[in-house]
Structure formats: C-alpha cells, structure tokens
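To start, the structure under review is shown below, and the notes come after it.
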Amino acid sequence: LTLGVLLSRVVDARRLEDALGRLGERLASIPLVWLAAVLAVFSALVTAIFSVAVLHARPNLIDAMVQLTHARYIAAGHLAGPVDSLSDFWHLPNSIVTPNGWVTQYPPGYSVLLGLGFRFGAAYLVGPLLVGVTVFFATLSAERLFPNDKATARLGAILLACSPFLVGLAGAYMNHIGAAAFICVAVYCALRSRDADSLLWAIGAGAAVGVVFSIRPLTAVVAALVVAIVWLSSPATSGARRLTNLIRLTGGAVLGIAPFLLALGAFNQHFFGSPFRFGYAALVGPLVGPGFHRDPSGHLYGPLQALAYTSSDLVTLGAYMLETPIPTVLVIAVFLLVALRFETGTRIVVAWALLPVVANAFYWHHGVFMGPRMLNEWTPAWAILTAVAAVGIVRRIPRDRAFGNYTPRGGVALALLVAWVVAVIYLAPQRLARYGGSWMASTRMAPPATRGPSLIFVHGGWPTRIAVRLTAHGLRGDSLEAAMALNPTCDAQRFADWYASAPSSRAPHAPPLNFDFEKPGAGRKMDIAEGDQIRYLAGVPLPGDCLRQVASDTLGIIDVSPMIWQGDLPGLPRNGSMIVRDMGPVRNAAMIARYPDRVPMMLFRDIREGAPRLVPYAAGIKVLWPNG
C-alpha cells in the first residue's frame, strides 16, 4: 500500500487508468474460447512442471497416497485390493478393510480418474488436466456472469490460472482439483441452461454435480446449492415463473445426477453395508460427520471452535490463493462493505465463494496443509471475486479526488497492480518451489532398485506398527485414536496382539485399555526417534518384548506409505519390488513364506537418523532385532 502511495506521486493516474482501460479492451476483444483454451493450457503446463520438477511426480500427503494405491487396483480392473491375515504389512492410514476387500475411506470418484491415468501410463497428468478443465470452464462461466464487464471477468480467469493454491494441491494428486473441475462444469452448464432455458444443459449440470458427489460429497451438496442459485437468478417476469423454471431444471438435474448416485450407493452397499454409509463413517465412526460435537480424536468442536477455524481459513486463504502482499480476502471484504448494491453475477459469485465457508464451519476438519485445503475446490469463485472486488473498489473512488499531487484512485490501483505483478512473477513461484527440496523430502522417496523380484521390508515406528495392525483387523478409527492417545504404548501392543489373534486361540477377555476421552491419558510421552513418540509409565520398567520394539526404532524410522503405491501390490501382476512394513522377525517370516520367489531385503537407517540403506534381510534383522 505504501508503494502504491509513493508511485502515485510520480505516475500520472489518468494516463495509467487510460492505459489499463486500453489493455482491458484488448483483453475483451480476444475470442472467448481461444482465451479460455490458452489459459487452460498455461495452467495445466505450470501444474505439470510443478508436479514433475518440484514433487518428482509424487504425492506428499497420505490422502493422495492411499487414493493412488486404490487407483492401481482400479486400473487393473479391480474395485478393491485383497485382504487377509497379512494385510497390515501394506495397510495404509485412511483406508479400510471390508468383507469385500481393501478400499480407501474416500468415495471412489477421484481414484477412478487416477486409475484412468494409470491405464494410459500418465497418472501424474490427471491433476494438470483437471486444472486445465477448471480454468477453461471458469473462464467461460465468468464471461456469462459478467457479460457487460468482460475485462473484469477475464481478469478473474487470469488470476485463477496463476493461482499457486490451485496448482500446488493439484500437482500433489489431491482430490480437490477433481471437485473444482466439475464444479466449474456444473456452474457453466447451469448458466447455459438458465440463459437458454434448456433441459439438456440442466442434465449436464446435474451430471457434473454427480461427479463431484463421487469425489467429495459435502462439497457436492454446496455445489448443488450454487447451481440452484444460478437458476433462481433467471430474469423471469415473476416469482412464480422463476419457481416453475427452478422445478423444471431441477428435474433435469436429477436425471443427470441419478446414475452417479446409484453407482455410489451400490459401491457403499457392497463395501460398507448400506448405500447411505460412506467409507469415512465405516472407518472412523459416526463422529466423523458434520455438526458440533467431539471429533474422532476426542476434541470438542463447537461454535467457538467453528468461528476460530473459519477465521483462520479465511486469513490463510487470503495469503495462499494468489500469494499477493495485499491479502485477497481483505480486498474482497472491503468491497463487500463499501458496495451499495450487487449485480446478478456478483451475487452468484459471492454465493459460490461464501457458501462453502459456511458449510465448512459446521465440519470439524479444517486442513491447513499447503493452505486451507477444504476451500481449495472453490478457488475459481474466489479468483473471480477478487477481480470483481479490486476493480469495484477502484471504480468507487472518484477520479477527480486528490490530495495535492496524490490521487487515492491511482494509489489504490497501483498498489493492487504491483501486488499482483510481484505475486505472479516472484512470490507464487517461490511458494511452489518451497514445496520441494528438503521440505517433506521423505514423501518423494522412490523404492530402491533391485535386480529381480524382491520383498523390501521398510522399518517404520512402533506406534505405527500397532495402529496398522489394529486397523487392518477391523478396529474402528475413533477407538484407535483413543487407544493410542490415552494408553501406554506397551499396553496398546498387548491389546493389538490379542485383537489380531484368531478368536479360537486368544484369551476370553481383552487386556484392559482406556477408550474414553473423558478420562485422562495415562503415562508420559517420549521421543524414540524423529517422528516416533511413545507413551510410558514413569517408574515402571518396560517388559522385554516392548523394549525390543523401542530398541528397533532408536536408529530412526522410515515411513513406508510414500513407497507402497509405487511398488508391486498384492493381487496385481509382478514387475519388481514389493514394499511392505517391517513387523518384526516372527511376523516377517510369514510374509517371506508367502512370497518364496522374492528376495527379502531390509530398508532401514543403520546410523542414527542417517540415510536409508537397502541391505540383505538377514543383515538388517541382525541390526534392528538382534534378540528376535
């Protein structure tokens, strides 16, 4: 802002505005489809370059890793992966073992899209292509929303194409971009159906919302509301006529969405026992749903927490969306405060941007990884609204108002212009570059190369070994959270040994364990290695079997999750290395016996927190588990 003030004292504000006006006229003169296509290709290329050059075409969050694993099975023609007594060797967080196979907790829509990418040998292009679809249809939609202000509409499209927030998560394989793409398709189809009074376009809008529902259900509900608002904005002569149009177009949308709802219902019935039960609830329990209550980790989520988290989402969105020094949400807030009235297009975009904020306020999970990612699929609306707000603020400042040789209108325009240029040229690329290098480098680890079929055991942390053993044998996520958070780790180990045993061979009563978050957790916390924390009771010696678990972790641990999807998977054709979790010598023996044609090897750290090394299995066992 200060820079804008200083520049306005040496830059002729009227000449600047005239120059920007001519630039806007040139921008508006470009054929719409050509502009949309160019911006789509540009954003797709930027995303692909970021994914390959910075992330090495690998995900950096478990959400994407588990969906990529599921996509491998879908690409091979399977709805799910196999399950058996050894599933914990490759089981991943955010996935669930069902009577009909292993699947992710997420609806299957994005896994299907990734599966198509695997079938064509280019899963890393799914995100970039969907970014292109998002930008293309957002550009077309913006033009229809603001037919009398094409320059502003197209400015919003340009801001969207340059958004590092959109590019970052899409390049990391996150499913938000799938939702964003089909939301934009739905809004465009809704606008076409409104303007042409076309039932066919309404069917298209419903189908697009159906795809979103198969990826992110809560997001789809909000998208459906946005579509309805578009239809209610129809310039019908009367309220009754407008309502009639809404009912008719909604009927078409129902036809479009029905196949996707039926398919998803069949999927849920097959794996989770009811068409209305999603993987989230099957894995974690009823507390995973929206509303004010304790979350699955036992934390209270009420109105005060909703206000705090929602405020945080908006603050971080203002920084992450465009990386501008002047937060975009602040610009929008000022515009909403000073605008006396909103035209139809503005009202629609405001609803498109703000309805998801309201919806997310009633949901306990507010992810902040690479930005407020629960708002990522709504980036198109925020980008368009940013352009509308910035231009609207400048236009509301009188041209002839001046304080000496300083004009507020010129100062604000220059401040916004410089902020955008600095963001696009420097700050946004810098943000994307920081996602590479040493930041979360372990997530980009590739499986070690081997000469022939191999079985690579990767040594992770003791708490993780306990957690995946319990989850792979059916313990629900909310119970798992309590078991690991409230009890000494050694007690959780005893319970896992009992829980994973065959009912005929285990003791009639489970070892005692606290599953009640209302009661305080027992014991103290201690770090065994980086990222490896256990609970213990002060003054109570650990028994030998638990000491062996602790000792095996003291050199450091390796997360197996980033590598599992890259190697051979159970039930799929063999190509090379199969990556599995080190579960200790006794249990590893069963896995080795399962795959006698594979050479067993061990990936571990032989120097405390040193670089991972691949060694023959016997050598690795001797270092990590010298006493068996």
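If you're wondering about the labels, chains in the structure tokens are A, B, ... by order shown, residues count from 1 in each chain, ligands from 1 in order shown.
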- [ ] Step one, run DSSP on the backbone; step two, keep only residues of region 452-587 of chain A assigned to alpha helix (DSSP H); then write them as a ChimeraX atom specification.
- [x] /A:462-472,477-486,489-499,544-553,561-564,585-587
Open item on the list: What parts of region 329-472 of chain A does DSSP call strand (DSSP E)? I'd like the answer as a PyMOL selection string.
Closed with: chain A and resi 454-458
TODO: Quick one: everything within 7 Å of Ala361 (chain A), counting only C-alpha atoms, minus sequence neighbours fewer than 4 positions away in the same chain. Send it as JSON, numbers by chain.
DONE: {"A": [306, 310, 357]}
Between region 206-266 of chain A and region 99-120 of chain A, at 9 Å or less, what are the per-residue closest atom pairs and their distances in Å? Count only C-alpha atoms, order by chain and rising residue number, and return it as a tab-separated table.
```
residue	atom	partner	partner_atom	distance
A:Val211	CA	A:Gly109	CA	6.8
A:Val212	CA	A:Gly109	CA	7.8
A:Phe213	CA	A:Gly109	CA	8.1
A:Ser214	CA	A:Gly109	CA	4.6
A:Ile215	CA	A:Gly109	CA	4.6
A:Arg216	CA	A:Pro107	CA	7.0
A:Pro217	CA	A:Pro107	CA	8.0
A:Leu264	CA	A:Pro107	CA	7.6
```
Task: Nearest to Leu300 (chain A), chosen from A:Ser95, A:Gly620, A:Ser85, A:Glu518, with only C-alpha atoms counted in the distances - done: A:Glu518
Task: For Thr464 (chain A), the nearest of the candidates A:Thr134, A:Gln493, A:Thr316, A:Ser29, counting only C-alpha atoms - done: A:Gln493
Open item on the list: Here is a test: counting only C-alpha atoms, which residue of A:Ile62, A:Leu140, A:Ala123, A:Val388 is nearest to Pro93 (chain A)?
Closed with: A:Ile62
Open item on the list: I need the residue nearest Asn268 (chain A) from this list: A:Ala282, A:Pro447, A:Asn175, A:Arg144. Use only C-alpha atoms for the distance.
Closed with: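 Comparing A:Ala282, A:Pro447, A:Asn175, A:Arg144 against Asn268 (chain A), the winner is A:Ala282.
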Task: Gly410 (chain A) surroundings by only C-alpha atoms, 9 Å radius, close-in-sequence under 6 positions cut, as a list in words - done: Gly4, Val5, Leu7, Ser8, Val11, Asp12, Ala13, Arg14, Leu16, Glu17, Val394 and Arg399 of chain A
Would you export the selected residues with N, CA, C and O atoms as a compact mmCIF listing (two decimals), in the first residue's frame, please?
```txt
# COMPACT_ATOMS: atom_id res chain seq x y z
N GLY A 4 2.22 1.81 -3.37
CA GLY A 4 1.21 2.40 -4.25
C GLY A 4 1.09 3.89 -4.04
O GLY A 4 0.95 4.66 -5.00
N VAL A 5 1.11 4.31 -2.77
CA VAL A 5 1.05 5.74 -2.47
C VAL A 5 2.24 6.47 -3.09
O VAL A 5 2.10 7.52 -3.72
N LEU A 7 4.25 5.53 -5.58
CA LEU A 7 4.24 5.51 -7.04
C LEU A 7 3.21 6.47 -7.60
O LEU A 7 3.43 7.08 -8.66
N SER A 8 2.09 6.63 -6.89
CA SER A 8 1.03 7.50 -7.40
C SER A 8 1.46 8.97 -7.43
O SER A 8 0.84 9.78 -8.11
N VAL A 11 3.53 8.82 -10.88
CA VAL A 11 2.87 8.26 -12.05
C VAL A 11 1.57 9.01 -12.28
O VAL A 11 0.79 9.24 -11.34
N ASP A 12 1.33 9.40 -13.52
CA ASP A 12 0.09 10.10 -13.86
C ASP A 12 -1.07 9.11 -13.77
O ASP A 12 -1.17 8.18 -14.57
N ALA A 13 -1.96 9.31 -12.80
CA ALA A 13 -3.03 8.36 -12.55
C ALA A 13 -3.97 8.23 -13.73
O ALA A 13 -4.43 7.13 -14.06
N ARG A 14 -4.28 9.38 -14.39
CA ARG A 14 -5.21 9.31 -15.51
C ARG A 14 -4.61 8.55 -16.69
O ARG A 14 -5.28 7.77 -17.35
N LEU A 16 -2.33 6.27 -16.48
CA LEU A 16 -2.29 4.87 -16.09
C LEU A 16 -3.65 4.22 -16.29
O LEU A 16 -3.74 3.11 -16.86
N GLU A 17 -4.71 4.91 -15.85
CA GLU A 17 -6.04 4.32 -15.99
C GLU A 17 -6.42 4.16 -17.45
O GLU A 17 -7.04 3.17 -17.84
N VAL A 394 -11.73 0.25 -6.96
CA VAL A 394 -11.12 1.35 -7.69
C VAL A 394 -12.18 2.23 -8.35
O VAL A 394 -12.11 3.46 -8.33
N ARG A 399 -12.63 9.86 -9.61
CA ARG A 399 -11.42 10.14 -10.40
C ARG A 399 -10.84 11.51 -10.08
O ARG A 399 -9.63 11.72 -10.18
```
Task: Distance query Ile229 (chain A) at most 8 Å, only C-alpha atoms, self and fewer than 3 positions along chain excluded, as a VMD selection string - done: chain A and resid 225 to 226 232 to 233 348 351
Open item on the list: So the first atom is CA of Glu481 (chain A) and the second is CA of Pro296 (chain A); what is the distance between them in Å, to one decimal place?
Closed with: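 Calculated distance between CA of Glu481 (chain A) and CA of Pro296 (chain A) is 7.2 Å.
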Open item on the list: Using only C-alpha atoms for the distances, tell me which of A:Ala419, A:Met484, A:Leu61, A:Leu283 is nearest to Phe271 (chain A).
Closed with: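 When distances to Phe271 (chain A) are compared using only C-alpha atoms, the smallest one comes from A:Leu283.
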TODO: Name all residues at most 12 Å from Pro585 (chain A) (count only C-alpha atoms; drop same-chain ones fewer than 5 positions away) and give them as a PyMOL selection string.
DONE: chain A and resi 457+459+548-549+552+590-592+600+602+617-618+620-628
Using the selection just defined, write its residues with N, CA and C atoms as a PDB file, in the first residue's frame.
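File written: part25.pdb
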```pdb
ATOM      1  N   PHE A 457      11.344 -54.944   3.119  1.00  0.00           N
ATOM      2  CA  PHE A 457      10.754 -54.567   4.404  1.00  0.00           C
ATOM      3  C   PHE A 457      11.282 -53.180   4.795  1.00  0.00           C
ATOM      4  N   HIS A 459      11.432 -50.262   7.692  1.00  0.00           N
ATOM      5  CA  HIS A 459      11.263 -50.169   9.137  1.00  0.00           C
ATOM      6  C   HIS A 459      10.686 -48.820   9.540  1.00  0.00           C
ATOM      7  N   ARG A 548      12.307 -54.489  23.085  1.00  0.00           N
ATOM      8  CA  ARG A 548      12.814 -54.833  21.756  1.00  0.00           C
ATOM      9  C   ARG A 548      12.188 -53.925  20.685  1.00  0.00           C
ATOM     10  N   GLN A 549      10.912 -53.600  20.853  1.00  0.00           N
ATOM     11  CA  GLN A 549      10.260 -52.701  19.903  1.00  0.00           C
ATOM     12  C   GLN A 549      10.900 -51.312  19.941  1.00  0.00           C
ATOM     13  N   SER A 552      14.429 -51.270  18.378  1.00  0.00           N
ATOM     14  CA  SER A 552      14.465 -51.353  16.916  1.00  0.00           C
ATOM     15  C   SER A 552      14.275 -49.991  16.250  1.00  0.00           C
ATOM     16  N   ALA A 590       6.254 -65.016   8.120  1.00  0.00           N
ATOM     17  CA  ALA A 590       5.041 -65.427   7.412  1.00  0.00           C
ATOM     18  C   ALA A 590       4.952 -64.739   6.052  1.00  0.00           C
ATOM     19  N   MET A 591       5.342 -63.485   5.982  1.00  0.00           N
ATOM     20  CA  MET A 591       5.315 -62.770   4.711  1.00  0.00           C
ATOM     21  C   MET A 591       6.352 -63.337   3.743  1.00  0.00           C
ATOM     22  N   ILE A 592       7.518 -63.659   4.249  1.00  0.00           N
ATOM     23  CA  ILE A 592       8.557 -64.248   3.389  1.00  0.00           C
ATOM     24  C   ILE A 592       8.089 -65.588   2.846  1.00  0.00           C
ATOM     25  N   PRO A 600      14.064 -61.421  -0.030  1.00  0.00           N
ATOM     26  CA  PRO A 600      13.771 -60.477   1.053  1.00  0.00           C
ATOM     27  C   PRO A 600      14.948 -59.534   1.304  1.00  0.00           C
ATOM     28  N   MET A 602      15.963 -55.475   3.437  1.00  0.00           N
ATOM     29  CA  MET A 602      15.552 -54.567   4.507  1.00  0.00           C
ATOM     30  C   MET A 602      16.014 -53.151   4.180  1.00  0.00           C
ATOM     31  N   TYR A 617      18.215 -59.048   3.886  1.00  0.00           N
ATOM     32  CA  TYR A 617      17.293 -59.142   5.009  1.00  0.00           C
ATOM     33  C   TYR A 617      17.986 -59.595   6.293  1.00  0.00           C
ATOM     34  N   ALA A 618      18.826 -60.589   6.202  1.00  0.00           N
ATOM     35  CA  ALA A 618      19.481 -61.126   7.398  1.00  0.00           C
ATOM     36  C   ALA A 618      20.347 -60.073   8.079  1.00  0.00           C
ATOM     37  N   GLY A 620      19.915 -56.789   7.953  1.00  0.00           N
ATOM     38  CA  GLY A 620      19.052 -55.793   8.563  1.00  0.00           C
ATOM     39  C   GLY A 620      18.430 -56.286   9.856  1.00  0.00           C
ATOM     40  N   ILE A 621      17.997 -57.530   9.873  1.00  0.00           N
ATOM     41  CA  ILE A 621      17.391 -58.115  11.083  1.00  0.00           C
ATOM     42  C   ILE A 621      18.409 -58.159  12.216  1.00  0.00           C
ATOM     43  N   LYS A 622      19.644 -58.454  11.877  1.00  0.00           N
ATOM     44  CA  LYS A 622      20.678 -58.551  12.904  1.00  0.00           C
ATOM     45  C   LYS A 622      20.909 -57.208  13.593  1.00  0.00           C
ATOM     46  N   VAL A 623      20.763 -56.101  12.845  1.00  0.00           N
ATOM     47  CA  VAL A 623      20.960 -54.778  13.426  1.00  0.00           C
ATOM     48  C   VAL A 623      19.737 -54.331  14.214  1.00  0.00           C
ATOM     49  N   LEU A 624      18.548 -54.497  13.629  1.00  0.00           N
ATOM     50  CA  LEU A 624      17.336 -53.952  14.238  1.00  0.00           C
ATOM     51  C   LEU A 624      16.743 -54.853  15.318  1.00  0.00           C
ATOM     52  N   TRP A 625      16.815 -56.152  15.097  1.00  0.00           N
ATOM     53  CA  TRP A 625      16.157 -57.100  16.005  1.00  0.00           C
ATOM     54  C   TRP A 625      17.145 -58.184  16.432  1.00  0.00           C
ATOM     55  N   PRO A 626      18.219 -57.811  17.105  1.00  0.00           N
ATOM     56  CA  PRO A 626      19.264 -58.804  17.433  1.00  0.00           C
ATOM     57  C   PRO A 626      18.759 -59.922  18.349  1.00  0.00           C
ATOM     58  N   ASN A 627      17.717 -59.653  19.122  1.00  0.00           N
ATOM     59  CA  ASN A 627      17.179 -60.670  20.033  1.00  0.00           C
ATOM     60  C   ASN A 627      15.877 -61.282  19.539  1.00  0.00           C
ATOM     61  N   GLY A 628      15.576 -61.066  18.270  1.00  0.00           N
ATOM     62  CA  GLY A 628      14.372 -61.666  17.700  1.00  0.00           C
ATOM     63  C   GLY A 628      13.125 -60.864  17.981  1.00  0.00           C
TER      64      GLY A 628
END
```
Open item on the list: Which residue is closest to Ala186 (chain A)? Choose from A:Trp352, A:Phe50, A:Phe335, A:Trp90 and count only C-alpha atoms.
Closed with: A:Trp352
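Look at Ala381 (chain A): the protein and nucleic acid residues within 7 Å of it, using only C-alpha atoms and passing over chain neighbours fewer than 3 places away, are Val349, Trp352, Ala353, Trp378, Ile384 and Leu385 of chain A.
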For the selection you just gave me, I'd like the residues written to a file as a CSV table (one decimal), in the first residue's frame, keeping all heavy atoms.
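Output (again05.csv):
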```csv
chain,number,residue,atom,x,y,z
A,349,VAL,N,-21.4,-15.1,-7.7
A,349,VAL,CA,-20.0,-15.4,-7.3
A,349,VAL,C,-19.8,-15.3,-5.8
A,349,VAL,O,-19.1,-16.1,-5.2
A,349,VAL,CB,-19.1,-14.5,-8.1
A,349,VAL,CG1,-17.6,-14.7,-7.6
A,349,VAL,CG2,-19.1,-14.7,-9.6
A,352,TRP,N,-21.1,-18.5,-4.5
A,352,TRP,CA,-20.2,-19.5,-4.9
A,352,TRP,C,-19.0,-19.6,-4.0
A,352,TRP,O,-18.5,-20.7,-3.7
A,352,TRP,CB,-19.8,-19.3,-6.4
A,352,TRP,CG,-19.0,-20.3,-7.1
A,352,TRP,CD1,-18.5,-21.5,-6.6
A,352,TRP,CD2,-18.5,-20.2,-8.4
A,352,TRP,NE1,-17.7,-22.1,-7.5
A,352,TRP,CE2,-17.8,-21.4,-8.7
A,352,TRP,CE3,-18.7,-19.3,-9.4
A,352,TRP,CZ2,-17.2,-21.7,-9.9
A,352,TRP,CZ3,-18.1,-19.6,-10.7
A,352,TRP,CH2,-17.3,-20.7,-10.9
A,353,ALA,N,-18.5,-18.4,-3.6
A,353,ALA,CA,-17.3,-18.4,-2.7
A,353,ALA,C,-17.7,-18.5,-1.2
A,353,ALA,O,-16.9,-19.2,-0.5
A,353,ALA,CB,-16.6,-17.0,-2.9
A,378,TRP,N,-12.9,-24.3,-4.3
A,378,TRP,CA,-13.7,-23.1,-4.5
A,378,TRP,C,-12.8,-22.0,-5.0
A,378,TRP,O,-13.2,-20.8,-5.1
A,378,TRP,CB,-14.4,-22.7,-3.3
A,378,TRP,CG,-15.2,-23.9,-2.7
A,378,TRP,CD1,-14.9,-24.7,-1.7
A,378,TRP,CD2,-16.5,-24.4,-3.3
A,378,TRP,NE1,-15.9,-25.7,-1.5
A,378,TRP,CE2,-16.8,-25.5,-2.5
A,378,TRP,CE3,-17.3,-24.0,-4.3
A,378,TRP,CZ2,-18.0,-26.2,-2.7
A,378,TRP,CZ3,-18.5,-24.7,-4.5
A,378,TRP,CH2,-18.8,-25.8,-3.7
A,384,ILE,N,-12.3,-15.1,-9.3
A,384,ILE,CA,-13.2,-14.2,-10.0
A,384,ILE,C,-13.7,-13.1,-9.1
A,384,ILE,O,-13.7,-11.9,-9.5
A,384,ILE,CB,-14.4,-15.0,-10.6
A,384,ILE,CG1,-13.9,-16.0,-11.6
A,384,ILE,CG2,-15.4,-14.0,-11.2
A,384,ILE,CD1,-15.0,-17.0,-12.0
A,385,LEU,N,-14.0,-13.4,-7.8
A,385,LEU,CA,-14.5,-12.4,-6.9
A,385,LEU,C,-13.4,-11.4,-6.5
A,385,LEU,O,-13.7,-10.2,-6.3
A,385,LEU,CB,-15.0,-13.1,-5.6
A,385,LEU,CG,-15.7,-12.2,-4.6
A,385,LEU,CD1,-16.8,-11.4,-5.2
A,385,LEU,CD2,-16.2,-13.0,-3.4
```
Write out as a Markdown table a residue-level contact list of region 556-613 of chain A versus region 465-469 of chain A with cut-off 10 Å: for each qualifying residue the closest pair of atoms and the distance in Å to one decimal, counting only C-alpha atoms, rows sorted by chain and residue number upward.
```
| residue | atom | partner | partner_atom | distance |
| --- | --- | --- | --- | --- |
| A:Arg581 | CA | A:Arg465 | CA | 8.0 |
| A:Asp582 | CA | A:Arg465 | CA | 8.2 |
| A:Met583 | CA | A:Arg465 | CA | 6.5 |
| A:Gly584 | CA | A:Arg465 | CA | 9.4 |
```
Would you write out those residues with C-alpha atoms, as a PDB file, in the first residue's frame?
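Once written, part_5.pdb looks like this:
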```pdb
ATOM      1  CA  ARG A 581       6.156 -52.850   6.501  1.00  0.00           C
ATOM      2  CA  ASP A 582       8.689 -54.415   8.867  1.00  0.00           C
ATOM      3  CA  MET A 583       6.556 -56.057  11.571  1.00  0.00           C
ATOM      4  CA  GLY A 584       9.356 -57.862  13.410  1.00  0.00           C
TER       5      GLY A 584
END
```
Between region 432-470 of chain A and region 526-543 of chain A, at 8 Å or less, what are the per-residue closest atom pairs and their distances in Å? Count only C-alpha atoms, order by chain and rising residue number, and return it as JSON lines.
```
{"residue": "A:Gly461", "atom": "CA", "partner": "A:Asp532", "partner_atom": "CA", "distance": 5.7}
{"residue": "A:Trp462", "atom": "CA", "partner": "A:Asp532", "partner_atom": "CA", "distance": 7.5}
{"residue": "A:Pro463", "atom": "CA", "partner": "A:Ile534", "partner_atom": "CA", "distance": 6.8}
```
Those selected residues, please, written with C-alpha atoms and delivered as a short mmCIF file (atom, residue, chain, number, x, y, z; two decimals), in the first residue's frame.
```cif
data_model
loop_
_atom_site.label_atom_id
_atom_site.label_comp_id
_atom_site.auth_asym_id
_atom_site.auth_seq_id
_atom_site.Cartn_x
_atom_site.Cartn_y
_atom_site.Cartn_z
CA GLY A 461 7.78 -46.66 14.02
CA TRP A 462 6.45 -48.90 16.78
CA PRO A 463 3.18 -46.91 17.26
#
```
Task: Distance of CA of Met601 (chain A) from CA of Ala619 (chain A), expressed in Å to one decimal place - done: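 For CA of Ala619 (chain A) relative to CA of Met601 (chain A), the distance reads 8.7 Å.
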